[in-house]
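Shown here: start20.txt, compact mmCIF, C-alpha atoms.
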```txt
# COMPACT_ATOMS: atom_id res chain seq x y z
CA MET A 177 -36.88 -19.05 -48.79
CA GLU A 178 -36.65 -22.19 -50.99
CA SER A 179 -33.38 -24.14 -51.13
CA PRO A 180 -31.14 -23.19 -54.16
CA LYS A 181 -30.74 -26.93 -55.04
CA VAL A 182 -34.48 -27.44 -55.35
CA ILE A 183 -34.87 -24.28 -57.44
CA LYS A 184 -31.99 -25.40 -59.69
CA LEU A 185 -33.50 -28.87 -60.30
CA ILE A 186 -36.96 -27.48 -60.96
CA SER A 187 -35.55 -24.91 -63.39
CA ILE A 188 -33.61 -27.58 -65.36
CA PHE A 189 -36.67 -29.84 -65.43
CA ILE A 190 -38.97 -27.09 -66.70
CA PHE A 191 -36.40 -25.99 -69.32
CA THR A 192 -35.97 -29.58 -70.57
CA MET A 193 -39.71 -30.32 -70.75
CA ALA A 194 -40.36 -27.05 -72.56
CA LEU A 195 -37.84 -27.87 -75.27
CA LEU A 196 -39.12 -31.40 -75.70
CA ILE A 197 -42.71 -30.29 -76.01
CA HIS A 198 -41.77 -27.46 -78.37
CA ASN A 199 -39.71 -29.76 -80.58
CA TYR A 200 -42.34 -32.47 -80.64
CA ILE A 201 -45.05 -30.04 -81.64
CA LEU A 202 -42.96 -28.68 -84.52
CA VAL A 203 -41.24 -31.75 -85.93
CA LYS A 204 -43.13 -34.59 -84.31
CA SER A 205 -39.76 -36.13 -83.24
CA ILE A 206 -36.67 -35.56 -81.04
CA THR A 207 -33.49 -34.88 -83.01
CA SER A 208 -29.86 -34.84 -82.00
CA VAL A 209 -29.87 -31.06 -82.25
CA THR A 210 -32.68 -30.96 -79.75
CA VAL A 211 -30.75 -33.17 -77.38
CA MET A 212 -27.68 -30.92 -77.73
CA ILE A 213 -29.71 -27.85 -77.05
CA ILE A 214 -31.26 -29.52 -74.03
CA LEU A 215 -27.83 -30.53 -72.68
CA ILE A 216 -26.33 -27.09 -73.25
CA GLY A 217 -29.37 -25.45 -71.71
CA ALA A 218 -29.23 -27.82 -68.75
CA ILE A 219 -25.55 -27.02 -68.22
CA ILE A 220 -26.29 -23.29 -68.40
CA MET A 221 -29.20 -23.66 -66.02
CA TRP A 222 -27.06 -25.75 -63.69
CA TRP A 223 -24.29 -23.08 -63.69
CA VAL A 224 -26.76 -20.30 -63.09
CA GLY A 225 -28.22 -22.31 -60.23
CA HIS A 226 -24.74 -22.92 -58.85
CA LEU A 227 -24.00 -19.20 -58.84
CA TYR A 228 -27.34 -18.54 -57.21
CA GLN A 229 -26.60 -21.19 -54.59
CA LYS A 230 -23.26 -19.50 -53.76
CA SER A 231 -24.97 -16.14 -53.53
CA TYR A 232 -27.59 -17.67 -51.31
CA LYS A 233 -24.97 -19.08 -48.95
CA LYS A 234 -23.19 -15.74 -48.84
CA ALA A 235 -26.47 -14.03 -48.09
CA ILE A 236 -27.17 -16.46 -45.26
CA MET A 237 -23.62 -16.01 -43.92
CA TYR A 238 -23.94 -12.22 -44.19
CA GLU A 239 -27.21 -12.28 -42.28
CA SER A 240 -25.61 -14.47 -39.59
CA VAL A 241 -22.53 -12.26 -39.28
CA LYS A 242 -24.70 -9.15 -39.23
CA GLN A 243 -26.81 -10.64 -36.45
CA GLU A 244 -23.68 -11.51 -34.45
CA LEU A 245 -22.31 -7.98 -34.95
CA ASP A 246 -25.62 -6.54 -33.83
CA ASP A 247 -25.52 -8.75 -30.72
CA VAL A 248 -21.92 -7.72 -29.97
CA ASN A 249 -22.74 -4.04 -30.45
CA GLU A 250 -25.75 -4.39 -28.19
CA LYS A 251 -23.69 -6.07 -25.47
CA TYR A 252 -20.93 -3.47 -25.88
CA GLN A 253 -23.43 -0.66 -25.54
CA MET A 254 -24.84 -2.32 -22.43
CA ILE A 255 -21.32 -2.49 -20.97
CA VAL A 256 -20.69 1.16 -21.87
CA ASN A 257 -23.98 2.16 -20.29
CA GLU A 258 -23.23 0.14 -17.16
CA LYS A 259 -19.73 1.69 -17.01
CA ASP A 260 -21.22 5.16 -17.34
CA LEU A 261 -23.74 4.40 -14.62
CA ILE A 262 -21.03 3.06 -12.33
CA GLU A 263 -18.85 6.12 -12.95
CA MET A 264 -21.81 8.42 -12.35
CA ALA A 265 -22.56 6.62 -9.08
CA LEU A 266 -18.91 6.84 -8.02
CA ASP A 267 -18.74 10.52 -8.91
CA LEU A 268 -21.67 11.21 -6.58
CA VAL A 269 -19.65 9.93 -3.58
CA ASP A 270 -17.59 12.77 -2.12
CA ASP A 271 -15.44 10.94 0.43
CA ILE A 272 -14.36 7.94 -1.69
CA ALA A 273 -12.30 7.81 -4.88
CA VAL A 274 -11.75 4.64 -6.92
CA PHE A 275 -8.66 4.45 -9.10
CA SER A 276 -7.00 2.17 -11.66
CA TYR A 277 -3.49 2.48 -13.10
CA HIS A 278 -2.07 0.27 -15.87
CA LEU A 279 1.67 -0.18 -15.37
CA GLU A 280 2.39 -0.99 -19.02
CA THR A 281 0.24 1.50 -20.90
CA GLY A 282 0.16 4.24 -18.27
CA ASP A 283 -3.63 4.49 -18.53
CA PHE A 284 -4.97 6.12 -15.37
CA TYR A 285 -8.54 6.46 -14.13
CA ILE A 286 -9.80 7.94 -10.90
CA SER A 287 -13.35 8.89 -9.93
CA LYS A 288 -14.28 12.51 -9.33
CA GLY A 289 -14.55 12.02 -5.57
CA ILE A 290 -10.80 12.66 -5.45
CA GLU A 291 -11.43 16.32 -6.30
CA LYS A 292 -13.08 17.01 -2.94
CA ILE A 293 -10.56 14.89 -1.03
CA TYR A 294 -7.44 16.46 -2.57
CA GLY A 295 -8.80 19.96 -3.10
CA TYR A 296 -7.37 20.18 -6.64
CA PRO A 297 -9.35 20.40 -9.94
CA TYR A 298 -10.15 16.98 -11.35
CA ARG A 299 -8.32 17.66 -14.64
CA GLU A 300 -5.05 18.44 -12.81
CA ILE A 301 -5.31 15.24 -10.80
CA ARG A 302 -5.90 13.14 -13.93
CA GLU A 303 -3.05 14.73 -15.86
CA ASP A 304 -0.38 14.77 -13.11
CA LEU A 305 0.25 11.32 -11.65
CA ASN A 306 2.80 12.71 -9.18
CA LEU A 307 0.49 15.36 -7.71
CA TRP A 308 -0.29 13.15 -4.70
CA LYS A 309 3.34 13.41 -3.56
CA LEU A 310 2.87 17.14 -3.00
CA LEU A 311 -0.08 16.44 -0.69
CA VAL A 312 1.20 13.65 1.57
CA HIS A 313 2.30 14.81 5.00
CA PRO A 314 6.14 14.62 5.18
CA GLU A 315 5.96 12.31 8.20
CA ASP A 316 3.83 9.80 6.24
CA MET A 317 5.71 9.87 2.92
CA GLU A 318 8.12 7.05 3.72
CA GLU A 319 5.31 4.72 4.79
CA ILE A 320 3.11 5.30 1.72
CA GLU A 321 6.06 4.88 -0.68
CA ARG A 322 6.92 1.60 1.05
CA LYS A 323 3.32 0.38 0.67
CA ILE A 324 3.15 1.36 -3.01
CA GLY A 325 6.42 -0.48 -3.57
CA ARG A 326 4.81 -3.61 -2.15
CA LEU A 327 1.98 -3.32 -4.69
CA THR A 328 4.37 -3.66 -7.63
CA THR A 329 5.59 -6.95 -6.17
CA GLY A 330 2.05 -8.34 -6.01
CA THR A 331 1.24 -7.65 -2.34
CA HIS A 332 -1.95 -5.92 -1.23
CA ALA A 333 -1.41 -2.64 0.64
CA SER A 334 -3.47 -0.55 3.02
CA THR A 335 -2.45 2.36 5.22
CA GLU A 336 -3.77 5.49 6.92
CA LEU A 337 -2.02 8.78 6.20
CA ARG A 338 -2.44 12.53 6.33
CA ILE A 339 -2.63 14.87 3.36
CA LEU A 340 -2.15 18.63 3.32
CA ARG A 341 -4.61 20.28 0.92
CA PRO A 342 -3.69 23.46 -0.98
CA ASP A 343 -6.07 25.43 1.28
CA GLY A 344 -3.96 24.39 4.29
CA GLU A 345 -6.47 21.90 5.69
CA GLU A 346 -5.09 18.60 7.00
CA ARG A 347 -7.17 15.53 6.22
CA TRP A 348 -6.85 11.81 6.98
CA ILE A 349 -7.30 9.19 4.26
CA ILE A 350 -7.11 5.41 3.88
CA TYR A 351 -5.15 4.24 0.84
CA ARG A 352 -6.02 0.70 -0.29
CA GLY A 353 -4.33 -0.87 -3.30
CA THR A 354 -4.81 -4.23 -5.04
CA PRO A 355 -2.36 -5.57 -7.65
CA VAL A 356 -3.78 -7.25 -10.78
CA LYS A 357 -1.60 -9.89 -12.47
CA ASN A 358 -1.55 -11.30 -16.01
CA ASN A 359 -1.34 -15.00 -16.97
CA MET A 360 2.43 -14.90 -16.44
CA GLY A 361 2.01 -13.72 -12.84
CA HIS A 362 3.32 -10.22 -13.55
CA VAL A 363 1.61 -7.19 -12.03
CA ILE A 364 0.14 -5.14 -14.88
CA ASN A 365 -2.47 -3.04 -13.13
CA ILE A 366 -3.11 -1.49 -9.73
CA THR A 367 -6.64 -0.74 -8.57
CA GLY A 368 -7.81 0.60 -5.26
CA GLN A 369 -9.62 3.16 -3.16
CA ILE A 370 -8.83 6.44 -1.45
CA ILE A 371 -11.24 7.07 1.42
CA ASP A 372 -11.56 10.28 3.44
CA ILE A 373 -11.69 9.30 7.14
CA THR A 374 -11.12 12.76 8.62
CA GLU A 375 -14.38 12.82 10.58
CA ARG A 376 -13.69 9.38 12.03
CA LYS A 377 -10.16 10.39 13.00
CA MET A 378 -11.42 13.58 14.65
CA LEU A 379 -13.90 11.53 16.66
CA GLU A 380 -11.18 9.06 17.67
CA MET A 381 -8.92 11.89 18.80
CA LYS A 382 -11.79 13.50 20.70
CA LEU A 383 -12.58 10.23 22.47
CA LYS A 384 -8.88 9.76 23.24
CA GLN A 385 -8.74 13.30 24.56
CA LEU A 386 -11.69 12.64 26.84
CA ALA A 387 -10.25 9.32 28.01
CA PHE A 388 -6.69 10.42 28.74
CA PHE A 389 -6.65 14.21 29.13
CA ASP A 390 -8.12 16.67 31.57
CA GLU A 391 -10.95 18.54 29.86
CA LEU A 392 -10.22 21.86 31.57
CA THR A 393 -6.43 22.15 31.24
CA ASP A 394 -5.63 19.65 28.44
CA LEU A 395 -3.04 18.09 30.73
CA ALA A 396 -2.85 14.32 31.19
CA ASN A 397 -5.51 12.97 33.55
CA ARG A 398 -5.27 10.28 36.24
CA THR A 399 -5.67 7.41 33.76
CA LEU A 400 -2.84 8.57 31.54
CA LEU A 401 -0.69 9.39 34.58
CA GLU A 402 -1.00 5.80 35.80
CA ARG A 403 -0.02 4.42 32.37
CA HIS A 404 2.89 6.80 31.92
CA LEU A 405 4.25 6.33 35.44
CA LYS A 406 4.15 2.54 35.01
CA LYS A 407 6.19 2.75 31.80
CA ALA A 408 8.54 5.36 33.28
CA LEU A 409 9.28 3.11 36.27
CA SER A 410 9.98 0.17 33.96
CA ARG A 411 12.44 2.28 31.96
CA SER A 412 14.14 3.58 35.09
CA LYS A 413 14.56 0.06 36.44
CA ARG A 414 15.91 -1.19 33.11
CA ILE A 415 18.55 1.53 32.69
CA ASN A 416 19.16 1.95 36.43
CA GLN A 417 18.34 5.68 36.43
CA PRO A 418 16.50 7.72 39.09
CA LEU A 419 12.98 9.07 38.60
CA GLY A 420 11.35 11.99 40.38
CA VAL A 421 7.67 12.41 41.26
CA MET A 422 6.63 15.98 42.08
CA PHE A 423 3.32 16.69 43.83
CA ILE A 424 2.05 20.30 43.57
CA ASP A 425 -0.84 21.80 45.52
CA LEU A 426 -1.95 25.43 45.11
CA ASP A 427 -2.05 27.49 48.31
CA GLY A 428 -5.00 29.88 48.41
CA PHE A 429 -6.95 28.30 45.59
CA LYS A 430 -10.02 27.65 47.77
CA GLN A 431 -10.15 31.32 48.70
CA VAL A 432 -10.05 32.29 45.00
CA ASN A 433 -13.03 30.02 44.32
CA ASP A 434 -14.94 31.29 47.35
CA THR A 435 -14.36 35.02 46.76
CA MET A 436 -14.06 35.33 42.98
CA GLY A 437 -16.17 32.43 41.77
CA HIS A 438 -15.52 29.07 40.11
CA GLU A 439 -15.22 30.63 36.66
CA THR A 440 -12.20 32.61 37.82
CA GLY A 441 -10.89 29.49 39.54
CA ASP A 442 -11.11 27.55 36.24
CA LEU A 443 -9.30 30.33 34.37
CA LEU A 444 -6.58 30.27 37.01
CA LEU A 445 -6.11 26.51 36.72
CA LYS A 446 -5.77 26.82 32.94
CA GLU A 447 -3.13 29.52 33.34
CA VAL A 448 -1.26 27.46 35.96
CA ALA A 449 -1.16 24.58 33.47
CA VAL A 450 0.32 26.91 30.83
CA ARG A 451 2.95 28.23 33.26
CA LEU A 452 3.92 24.70 34.28
CA LYS A 453 4.36 23.69 30.62
CA ASP A 454 6.53 26.75 30.02
CA THR A 455 8.67 26.01 33.07
CA VAL A 456 9.50 22.30 32.81
CA ARG A 457 11.55 20.56 30.12
CA ASP A 458 9.95 19.16 26.96
CA GLU A 459 10.51 15.59 28.10
CA ASP A 460 8.86 16.09 31.51
CA PHE A 461 5.33 14.77 32.00
CA ILE A 462 2.59 16.90 33.63
CA ALA A 463 -0.78 15.63 34.86
CA ARG A 464 -3.69 17.11 36.75
CA LEU A 465 -5.15 14.86 39.43
CA GLY A 466 -8.16 17.08 39.96
CA GLY A 467 -8.95 20.26 41.82
CA ASP A 468 -5.73 22.19 42.41
CA GLU A 469 -3.40 19.14 42.47
CA PHE A 470 -0.77 18.50 39.79
CA ILE A 471 1.84 15.79 39.28
CA ILE A 472 5.09 16.14 37.31
CA LEU A 473 7.31 13.17 36.43
CA PHE A 474 11.05 13.58 35.77
CA GLU A 475 13.01 10.73 34.14
CA GLU A 476 16.79 10.27 34.07
CA THR A 477 17.22 13.13 36.51
CA ASN A 478 18.61 13.98 39.95
CA LYS A 479 17.64 16.10 42.94
CA THR A 480 19.74 19.05 41.79
CA ASP A 481 17.92 19.29 38.44
CA ILE A 482 14.53 18.86 40.09
CA LEU A 483 15.32 21.52 42.68
CA GLU A 484 16.27 23.96 39.94
CA ILE A 485 13.00 23.33 38.10
CA ALA A 486 11.02 23.54 41.36
CA ASP A 487 12.52 26.97 42.12
CA ARG A 488 11.34 28.20 38.70
CA ILE A 489 7.86 26.77 39.36
CA LEU A 490 7.71 28.56 42.73
CA THR A 491 8.59 31.84 41.02
CA ASN A 492 6.40 31.53 37.92
CA VAL A 493 3.24 30.13 39.52
CA SER A 494 3.35 32.73 42.33
CA VAL A 495 3.18 35.70 39.95
CA PRO A 496 -0.31 37.28 40.34
CA TYR A 497 -2.88 36.52 37.61
CA LEU A 498 -5.06 38.98 35.78
CA PHE A 499 -8.58 38.13 34.54
CA GLY A 500 -10.42 41.34 33.72
CA ASP A 501 -10.61 43.32 36.94
CA LYS A 502 -9.76 40.28 39.07
CA LYS A 503 -6.20 39.63 40.22
CA PRO A 504 -6.11 36.28 42.03
CA LYS A 505 -2.88 35.02 43.57
CA VAL A 506 -1.84 31.50 44.56
CA THR A 507 1.42 29.89 45.55
CA PRO A 508 2.58 26.29 45.11
CA SER A 509 3.54 23.88 47.84
CA ILE A 510 5.78 21.19 46.32
CA GLY A 511 6.71 17.73 47.52
CA VAL A 512 9.09 15.34 45.74
CA ALA A 513 9.72 11.61 46.09
CA MET A 514 12.59 9.87 44.27
CA TYR A 515 12.85 6.39 42.79
CA PRO A 516 14.32 4.12 44.07
CA GLU A 517 15.18 5.49 47.53
CA ASP A 518 11.67 6.72 48.37
CA GLY A 519 9.73 3.89 46.74
CA ILE A 520 9.82 1.41 43.88
CA ASP A 521 6.12 1.30 42.97
CA GLN A 522 3.62 3.89 41.82
CA GLU A 523 1.43 4.11 44.91
CA THR A 524 4.36 4.44 47.32
CA LEU A 525 6.04 7.17 45.29
CA LEU A 526 2.84 9.20 44.89
CA ASN A 527 1.94 8.85 48.58
CA ASN A 528 5.44 9.90 49.69
CA ALA A 529 5.42 12.88 47.29
CA ASP A 530 2.03 13.80 48.79
CA LYS A 531 3.48 13.60 52.31
CA ALA A 532 6.43 15.78 51.31
CA MET A 533 4.02 18.34 49.84
CA TYR A 534 2.08 18.53 53.12
CA TYR A 535 5.31 18.99 54.97
CA ALA A 536 6.03 21.94 52.64
CA LYS A 537 2.66 23.42 53.63
CA SER A 538 3.49 22.99 57.30
CA LYS A 539 6.75 24.86 56.70
CA GLY A 540 4.94 28.01 55.63
CA LYS A 541 3.76 27.04 52.10
CA ASN A 542 5.29 28.26 48.83
CA ASN A 543 8.34 26.00 49.20
CA ILE A 544 9.68 22.61 48.13
CA GLN A 545 10.42 19.58 50.32
CA PHE A 546 11.95 16.22 49.38
CA TYR A 547 10.56 13.16 51.08
CA THR A 548 12.65 11.54 53.81
CA ARG A 549 11.75 8.87 56.30
CA ALA A 550 12.44 11.43 59.02
CA LEU A 551 9.49 13.59 57.96
CA PRO A 552 7.10 14.10 60.88
CA GLU A 553 3.65 12.65 60.48
CA GLN A 554 1.19 15.24 59.20
CA PRO A 555 -2.56 15.28 59.97
CA MET A 556 -3.35 14.94 56.26
CA LYS A 557 -6.99 15.05 55.39
CA LYS A 558 -5.96 13.77 51.97
CA ASP A 559 -4.18 10.73 53.32
CA GLY A 560 -6.33 8.38 51.25
CA VAL A 561 -6.38 10.38 48.01
CA ILE A 562 -3.69 8.44 46.17
CA ARG A 563 -5.09 5.12 47.32
CA ARG A 564 -8.51 6.10 45.99
CA ILE A 565 -6.96 7.17 42.70
CA PHE A 566 -5.48 3.77 42.11
CA GLN A 567 -8.60 1.97 43.29
CA HIS A 568 -10.52 4.04 40.72
CA LEU A 569 -8.03 3.20 37.96
CA GLN A 570 -7.92 -0.49 38.80
CA THR A 571 -11.71 -0.64 38.72
CA ASN A 572 -11.82 1.01 35.27
CA PHE A 573 -9.13 -1.23 33.79
CA SER A 574 -10.74 -4.40 35.16
CA LYS A 575 -14.02 -3.71 33.33
```
Would you mind writing the file out in structure tokens?
Amino acid sequence: MESPKVIKLISIFIFTMALLIHNYILVKSITSVTVMIILIGAIIMWWVGHLYQKSYKKAIMYESVKQELDDVNEKYQMIVNEKDLIEMALDLVDDIAVFSYHLETGDFYISKGIEKIYGYPYREIREDLNLWKLLVHPEDMEEIERKIGRLTTGTHASTELRILRPDGEERWIIYRGTPVKNNMGHVINITGQIIDITERKMLEMKLKQLAFFDELTDLANRTLLERHLKKALSRSKRINQPLGVMFIDLDGFKQVNDTMGHETGDLLLKEVAVRLKDTVRDEDFIARLGGDEFIILFEETNKTDILEIADRILTNVSVPYLFGDKKPKVTPSIGVAMYPEDGIDQETLLNNADKAMYYAKSKGKNNIQFYTRALPEQPMKKDGVIRRIFQHLQTNFSK
């Protein structure tokens, strides 16, 4: 497109030359009227050119603005498409939900993964910002409210908690929140993630169960016994309170295994564990060493209380068992050692409780004996059991 200035000058020149030639041909001279006409025509041509020039500039400006708008619209559409793709990708993930909440406008977004985590329809979750409070386990509510409070002050927050879905299922999640601040340093938005970690938690609990609990009876195993007894002794020393260690061995258990089979023997051990739990106090600690040997720890206690509990154990464990058509019967022989008079360390207390238990067996079985230094020496085939236990534990912990 030619420049409006050039077109204007050419138009004035052509107009002027045409008049001059026309006038010369007719009158053979240039008059004042001709000059006036030329001037007026030139002015008109100049004005027309000026208007054209303005229109031209506006056209150029319009084309430029239109191009910019087209570019902006294209970029906006690209952003919208990318946002849609991101949301689609997030919605395909079942165990993660991404959220964003604007503190000033109240705008709330959360990806559809939350529907599977919470167990509620997506629309309900989007419309009710307080729905999550109905799901959080009561024991975890205080912690999550404290963490959310930290977010509003500009501090990042992350915590693990349990939720109770409407179908009754308990699930574990990680809540991670990040505060977003404006130029003034005020928190205006909170973004974050909600991640379902139930499977990981179940695996952790299973591994913990295998590491610290007896697989057959679900009682504490030797490793957990050693840890608990160490802490219990530290507490007893600190508050100057006695502690009792009870060693239980089942009389007749080998005969049950030999005559009725190991399956019946396992069922019997499980039932013994249940009866022991039902007999002792909630705060008492029960462990299975292996085979038919059990340990019970009593904190802040005395011999009178332990004797009362031991009498109940003698009665309850001795009641015959019933597994189908099999009715095995065992009785407990019980030995007890007390901190601090019978020992101040784990190995000594367990060994002395073991000795007292063997003395109970020598006294006719199915009875309880407290350790005393006057106990006669017993030909104990298990004399090295406790020592081996602690050698085993020390080896594991040193790895």
*atom CA of Val512 of chain A and atom CA of Met533 of chain A are how many Å apart?*
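One can read the atom CA of Val512 of chain A to atom CA of Met533 of chain A distance as 7.2 Å.
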*Contacts of segment 480-494 of chain A at 8 Å (only C-alpha atoms; same-chain gap of 2+ positions) as a PyMOL selection string*: chain A and resi 420+448+451-452+455-456+474+477-478+496+505-508+510+542-544
*Using all atoms listed in the file: which of A:Leu473, A:Tyr515, A:Pro342, A:Phe284 has the shortest distance to Pro297 of chain A*: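 Using all atoms listed in the file, the shortest distance to Pro297 of chain A belongs to A:Pro342.
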*Go ahead and compute the interatomic distance for atom CA of Glu375 of chain A and atom CA of Tyr351 of chain A, in Å to one decimal.*
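Answer for the atom CA of Glu375 of chain A to atom CA of Tyr351 of chain A separation: 15.9 Å.
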*Residue nearest Ala408 of chain A - candidates A:Asn365, A:Ser509, A:Gln522, A:Thr374, atoms counted: only C-alpha atoms*: A:Gln522
May I have the centre and edge lengths, in Å to one decimal, of an axis-aligned box around the listed atoms of segment 390-401 of chain A with 6 Å added to every side, as lines of an AutoDock Vina configuration file?
```
center_x = -5.8
center_y = 14.8
center_z = 32.3
size_x = 22.3
size_y = 26.7
size_z = 19.8
```
*Which of these, A:Thr393, A:Gln385, A:Asn306, A:Asn527, has the shortest distance to Leu443 of chain A once you count all atoms listed in the file?*
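Among A:Thr393, A:Gln385, A:Asn306, A:Asn527, it is A:Thr393 that comes nearest to Leu443 of chain A.
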*asked:* At a cut-off of 10 Å, using all atoms listed in the file, what residues contact Leu419 of chain A? Leave out same-chain residues fewer than 5 positions from it and give the result as a ChimeraX atom specification.
replied: /A:405,408-409,411-413,473-479,513-517,520,525
Suppose we keep C-alpha atoms; can you now write the selection as an mmCIF file, keeping the file's coordinate frame?
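out.cif written:
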```cif
data_model
loop_
_atom_site.group_PDB
_atom_site.id
_atom_site.type_symbol
_atom_site.label_atom_id
_atom_site.label_comp_id
_atom_site.auth_asym_id
_atom_site.auth_seq_id
_atom_site.Cartn_x
_atom_site.Cartn_y
_atom_site.Cartn_z
ATOM 1 C CA LEU A 405 4.250 6.330 35.440
ATOM 2 C CA ALA A 408 8.540 5.360 33.280
ATOM 3 C CA LEU A 409 9.280 3.110 36.270
ATOM 4 C CA ARG A 411 12.440 2.280 31.960
ATOM 5 C CA SER A 412 14.140 3.580 35.090
ATOM 6 C CA LYS A 413 14.560 0.060 36.440
ATOM 7 C CA LEU A 473 7.310 13.170 36.430
ATOM 8 C CA PHE A 474 11.050 13.580 35.770
ATOM 9 C CA GLU A 475 13.010 10.730 34.140
ATOM 10 C CA GLU A 476 16.790 10.270 34.070
ATOM 11 C CA THR A 477 17.220 13.130 36.510
ATOM 12 C CA ASN A 478 18.610 13.980 39.950
ATOM 13 C CA LYS A 479 17.640 16.100 42.940
ATOM 14 C CA ALA A 513 9.720 11.610 46.090
ATOM 15 C CA MET A 514 12.590 9.870 44.270
ATOM 16 C CA TYR A 515 12.850 6.390 42.790
ATOM 17 C CA PRO A 516 14.320 4.120 44.070
ATOM 18 C CA GLU A 517 15.180 5.490 47.530
ATOM 19 C CA ILE A 520 9.820 1.410 43.880
ATOM 20 C CA LEU A 525 6.040 7.170 45.290
#
```
*Quick one: residues within 6 Å of (-1.5, 17.6, 41.0) (file frame), counting only C-alpha atoms, please, as a PyMOL selection string.*
chain A and resi 423-424+464-465+469-471
Since we have the selection now, will you write its residues out, keeping C-alpha atoms, as an mmCIF file, in the frame of the given file?
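out.cif, written as the output of this step:
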```cif
data_model
loop_
_atom_site.group_PDB
_atom_site.id
_atom_site.type_symbol
_atom_site.label_atom_id
_atom_site.label_comp_id
_atom_site.auth_asym_id
_atom_site.auth_seq_id
_atom_site.Cartn_x
_atom_site.Cartn_y
_atom_site.Cartn_z
ATOM 1 C CA PHE A 423 3.320 16.690 43.830
ATOM 2 C CA ILE A 424 2.050 20.300 43.570
ATOM 3 C CA ARG A 464 -3.690 17.110 36.750
ATOM 4 C CA LEU A 465 -5.150 14.860 39.430
ATOM 5 C CA GLU A 469 -3.400 19.140 42.470
ATOM 6 C CA PHE A 470 -0.770 18.500 39.790
ATOM 7 C CA ILE A 471 1.840 15.790 39.280
#
```
_Length of the atom CA of Leu307 of chain A to atom CA of His362 of chain A vector [Å]_ = 26.4 Å
_Contacts of Val363 of chain A at 10 Å (only C-alpha atoms; same-chain gap of 3+ positions) as a list of chain:residue names_ =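 The residues satisfying every condition are A:His278, A:Leu279, A:Glu280, A:Leu327, A:Thr328, A:Thr329, A:Gly330, A:Thr331, A:Thr354, A:Pro355, A:Val356, A:Lys357, A:Asn358, A:Asn359, A:Met360, A:Ile366.
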_Long-range neighbours of Asp304 of chain A as an MDAnalysis selection string, 12 Å cut-off, all atoms listed in the file, 5 positions minimum in chain_ = chainID A and resid 282 284:286 296:299 309:310
*Which of these residues is nearest to Thr367 of chain A, using all atoms listed in the file: A:Asp283, A:Asp427, A:Asp501, A:Glu315?*
A:Asp283
*Given the choices A:Ala529, A:Ile236, A:Ile290, A:Leu337, which gets closest to Val312 of chain A if the distance is worked out from only C-alpha atoms?*
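Among the listed residues, A:Leu337 lies closest to Val312 of chain A.
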_Which polymer residues, whether protein, DNA or RNA, lie within 6 Å of the coordinate (-13.9, 13.9, 1.8) when you count only C-alpha atoms? List them as number ranges by chain, using the chain letters and numbers from the file._
A: 270-271, 292-293, 372
Repair of segment 523-534 of chain A at the level of N, CA and C atoms, as a PDB file, in the frame of the given file:
```
ATOM      1  N   GLU A 523       2.202   3.625  43.769  1.00  0.00           N
ATOM      2  CA  GLU A 523       1.430   4.110  44.910  1.00  0.00           C
ATOM      3  C   GLU A 523       2.328   4.661  46.001  1.00  0.00           C
ATOM      4  N   THR A 524       3.444   3.975  46.280  1.00  0.00           N
ATOM      5  CA  THR A 524       4.360   4.440  47.320  1.00  0.00           C
ATOM      6  C   THR A 524       4.971   5.777  46.956  1.00  0.00           C
ATOM      7  N   LEU A 525       5.416   5.922  45.724  1.00  0.00           N
ATOM      8  CA  LEU A 525       6.040   7.170  45.290  1.00  0.00           C
ATOM      9  C   LEU A 525       5.059   8.338  45.349  1.00  0.00           C
ATOM     10  N   LEU A 526       3.835   8.124  44.877  1.00  0.00           N
ATOM     11  CA  LEU A 526       2.840   9.200  44.890  1.00  0.00           C
ATOM     12  C   LEU A 526       2.439   9.557  46.320  1.00  0.00           C
ATOM     13  N   ASN A 527       2.278   8.574  47.176  1.00  0.00           N
ATOM     14  CA  ASN A 527       1.940   8.850  48.580  1.00  0.00           C
ATOM     15  C   ASN A 527       3.057   9.611  49.279  1.00  0.00           C
ATOM     16  N   ASN A 528       4.309   9.221  49.028  1.00  0.00           N
ATOM     17  CA  ASN A 528       5.440   9.900  49.690  1.00  0.00           C
ATOM     18  C   ASN A 528       5.619  11.319  49.146  1.00  0.00           C
ATOM     19  N   ALA A 529       5.367  11.520  47.835  1.00  0.00           N
ATOM     20  CA  ALA A 529       5.420  12.880  47.290  1.00  0.00           C
ATOM     21  C   ALA A 529       4.308  13.727  47.910  1.00  0.00           C
ATOM     22  N   ASP A 530       3.146  13.117  48.149  1.00  0.00           N
ATOM     23  CA  ASP A 530       2.030  13.800  48.790  1.00  0.00           C
ATOM     24  C   ASP A 530       2.399  14.206  50.218  1.00  0.00           C
ATOM     25  N   LYS A 531       3.053  13.301  50.930  1.00  0.00           N
ATOM     26  CA  LYS A 531       3.480  13.600  52.310  1.00  0.00           C
ATOM     27  C   LYS A 531       4.497  14.741  52.335  1.00  0.00           C
ATOM     28  N   ALA A 532       5.427  14.713  51.374  1.00  0.00           N
ATOM     29  CA  ALA A 532       6.430  15.780  51.310  1.00  0.00           C
ATOM     30  C   ALA A 532       5.765  17.119  50.992  1.00  0.00           C
ATOM     31  N   MET A 533       4.734  17.107  50.164  1.00  0.00           N
ATOM     32  CA  MET A 533       4.020  18.340  49.840  1.00  0.00           C
ATOM     33  C   MET A 533       3.349  18.904  51.081  1.00  0.00           C
ATOM     34  N   TYR A 534       2.721  18.051  51.889  1.00  0.00           N
ATOM     35  CA  TYR A 534       2.080  18.530  53.120  1.00  0.00           C
ATOM     36  C   TYR A 534       3.085  19.051  54.123  1.00  0.00           C
TER      37      TYR A 534
END
```
